[in-house]
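*Asks:* Pasting a structure below so you can have a look.
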Amino acid sequence: MKRKVFEVVKIKSGDMATIIVVDKDSYKVEIVGKNGKIKEITEINENDIDEVIVKK
């Protein structure tokens, strides 16, 4: 896995996500919509990430 906890990434849907847990094959993230409100907490993989916004 290339990412670390608390990095902020842009996902393919256009939303931003904060990585909260790094697992072996996936990331548990908190997805935030364009209005700044939390949409959901879910798991994504490396293919779902478009770019890194804030790197630790």
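Labels used: A, B, ... for chains in the order of the structure tokens, numbers from 1 for residues in each chain, and numbers from 1 for ligands as shown.
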Just want the 7 Å neighbourhood of stretch 8-24 of chain A, counted on only C-alpha atoms, with same-chain residues fewer than 4 positions away dropped. Output as a list in words.
*Replies:* Lys4, Lys28, Val29, Glu30, Ile31, Val32, Gly33, Lys34, Asp48, Ile49, Asp50, Glu51, Val52, Ile53, Val54 and Lys55 of chain A
*Asks:* Just list the residues in chain A DSSP gives strand (DSSP E or B) on the backbone, as a CSV table (one decimal) with N, CA and C atoms, in the first residue's frame.
*Replies:*
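Dumped everything to states_28.csv:
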chain,number,residue,atom,x,y,z
A,8,VAL,N,-5.2,13.0,2.6
A,8,VAL,CA,-6.4,13.4,1.9
A,8,VAL,C,-6.3,13.1,0.4
A,9,VAL,N,-7.2,12.4,-0.2
A,9,VAL,CA,-7.1,12.0,-1.6
A,9,VAL,C,-8.4,12.4,-2.3
A,10,LYS,N,-8.3,12.6,-3.6
A,10,LYS,CA,-9.5,12.9,-4.4
A,10,LYS,C,-9.8,11.5,-5.1
A,11,ILE,N,-11.1,11.1,-4.9
A,11,ILE,CA,-11.4,9.8,-5.5
A,11,ILE,C,-12.1,10.0,-6.9
A,16,MET,N,-13.7,14.2,-2.0
A,16,MET,CA,-12.4,14.1,-1.2
A,16,MET,C,-12.6,13.0,-0.1
A,17,ALA,N,-11.5,12.4,0.2
A,17,ALA,CA,-11.6,11.3,1.3
A,17,ALA,C,-10.3,11.4,2.1
A,18,THR,N,-10.5,11.2,3.4
A,18,THR,CA,-9.4,11.1,4.4
A,18,THR,C,-9.2,9.7,4.7
A,19,ILE,N,-8.0,9.2,4.6
A,19,ILE,CA,-7.7,7.8,4.9
A,19,ILE,C,-7.6,7.7,6.4
A,20,ILE,N,-8.4,6.8,7.0
A,20,ILE,CA,-8.4,6.6,8.4
A,20,ILE,C,-7.9,5.2,8.9
A,21,VAL,N,-7.9,4.2,8.0
A,21,VAL,CA,-7.3,2.9,8.3
A,21,VAL,C,-6.6,2.4,7.0
A,22,VAL,N,-5.4,1.9,7.1
A,22,VAL,CA,-4.8,1.2,6.0
A,22,VAL,C,-4.8,-0.3,6.3
A,27,TYR,N,-8.2,0.6,1.8
A,27,TYR,CA,-8.2,1.8,2.7
A,27,TYR,C,-9.6,2.0,3.2
A,28,LYS,N,-9.7,2.2,4.5
A,28,LYS,CA,-11.0,2.7,5.1
A,28,LYS,C,-10.9,4.2,5.1
A,29,VAL,N,-11.9,4.8,4.4
A,29,VAL,CA,-11.9,6.3,4.3
A,29,VAL,C,-13.2,6.9,4.7
A,30,GLU,N,-13.0,8.2,5.1
A,30,GLU,CA,-14.2,9.1,5.4
A,30,GLU,C,-14.4,10.0,4.2
A,31,ILE,N,-15.5,9.8,3.4
A,31,ILE,CA,-15.7,10.6,2.2
A,31,ILE,C,-16.5,11.8,2.6
A,32,VAL,N,-16.0,13.0,2.0
A,32,VAL,CA,-16.6,14.3,2.3
A,32,VAL,C,-17.0,14.8,0.9
A,38,ILE,N,-19.7,15.2,5.8
A,38,ILE,CA,-19.4,13.7,5.7
A,38,ILE,C,-20.5,13.0,5.0
A,39,LYS,N,-20.2,12.2,3.9
A,39,LYS,CA,-21.1,11.4,3.2
A,39,LYS,C,-21.2,10.0,3.8
A,40,GLU,N,-20.1,9.4,4.0
A,40,GLU,CA,-20.0,8.0,4.4
A,40,GLU,C,-18.6,7.6,4.8
A,41,ILE,N,-18.5,6.5,5.5
A,41,ILE,CA,-17.2,5.9,5.8
A,41,ILE,C,-17.3,4.5,5.1
A,42,THR,N,-16.3,4.3,4.2
A,42,THR,CA,-16.3,3.1,3.4
A,42,THR,C,-14.9,2.7,3.1
A,43,GLU,N,-14.8,1.6,2.4
A,43,GLU,CA,-13.5,1.1,2.0
A,43,GLU,C,-13.3,1.3,0.5
A,44,ILE,N,-12.1,1.7,0.1
A,44,ILE,CA,-11.7,1.9,-1.3
A,44,ILE,C,-10.4,1.2,-1.5
A,49,ILE,N,-8.5,5.9,-6.3
A,49,ILE,CA,-7.9,7.1,-5.9
A,49,ILE,C,-7.4,7.8,-7.2
A,50,ASP,N,-7.9,9.1,-7.4
A,50,ASP,CA,-7.5,9.9,-8.6
A,50,ASP,C,-6.2,10.6,-8.3
A,51,GLU,N,-6.1,11.3,-7.2
A,51,GLU,CA,-4.8,12.1,-6.9
A,51,GLU,C,-4.8,12.3,-5.4
A,52,VAL,N,-3.6,12.6,-4.9
A,52,VAL,CA,-3.4,12.9,-3.5
A,52,VAL,C,-3.4,14.4,-3.3
A,53,ILE,N,-4.2,14.9,-2.4
A,53,ILE,CA,-4.4,16.3,-2.2
A,53,ILE,C,-3.4,16.8,-1.0
A,54,VAL,N,-3.4,16.1,0.1
A,54,VAL,CA,-2.6,16.4,1.2
A,54,VAL,C,-1.8,15.1,1.6
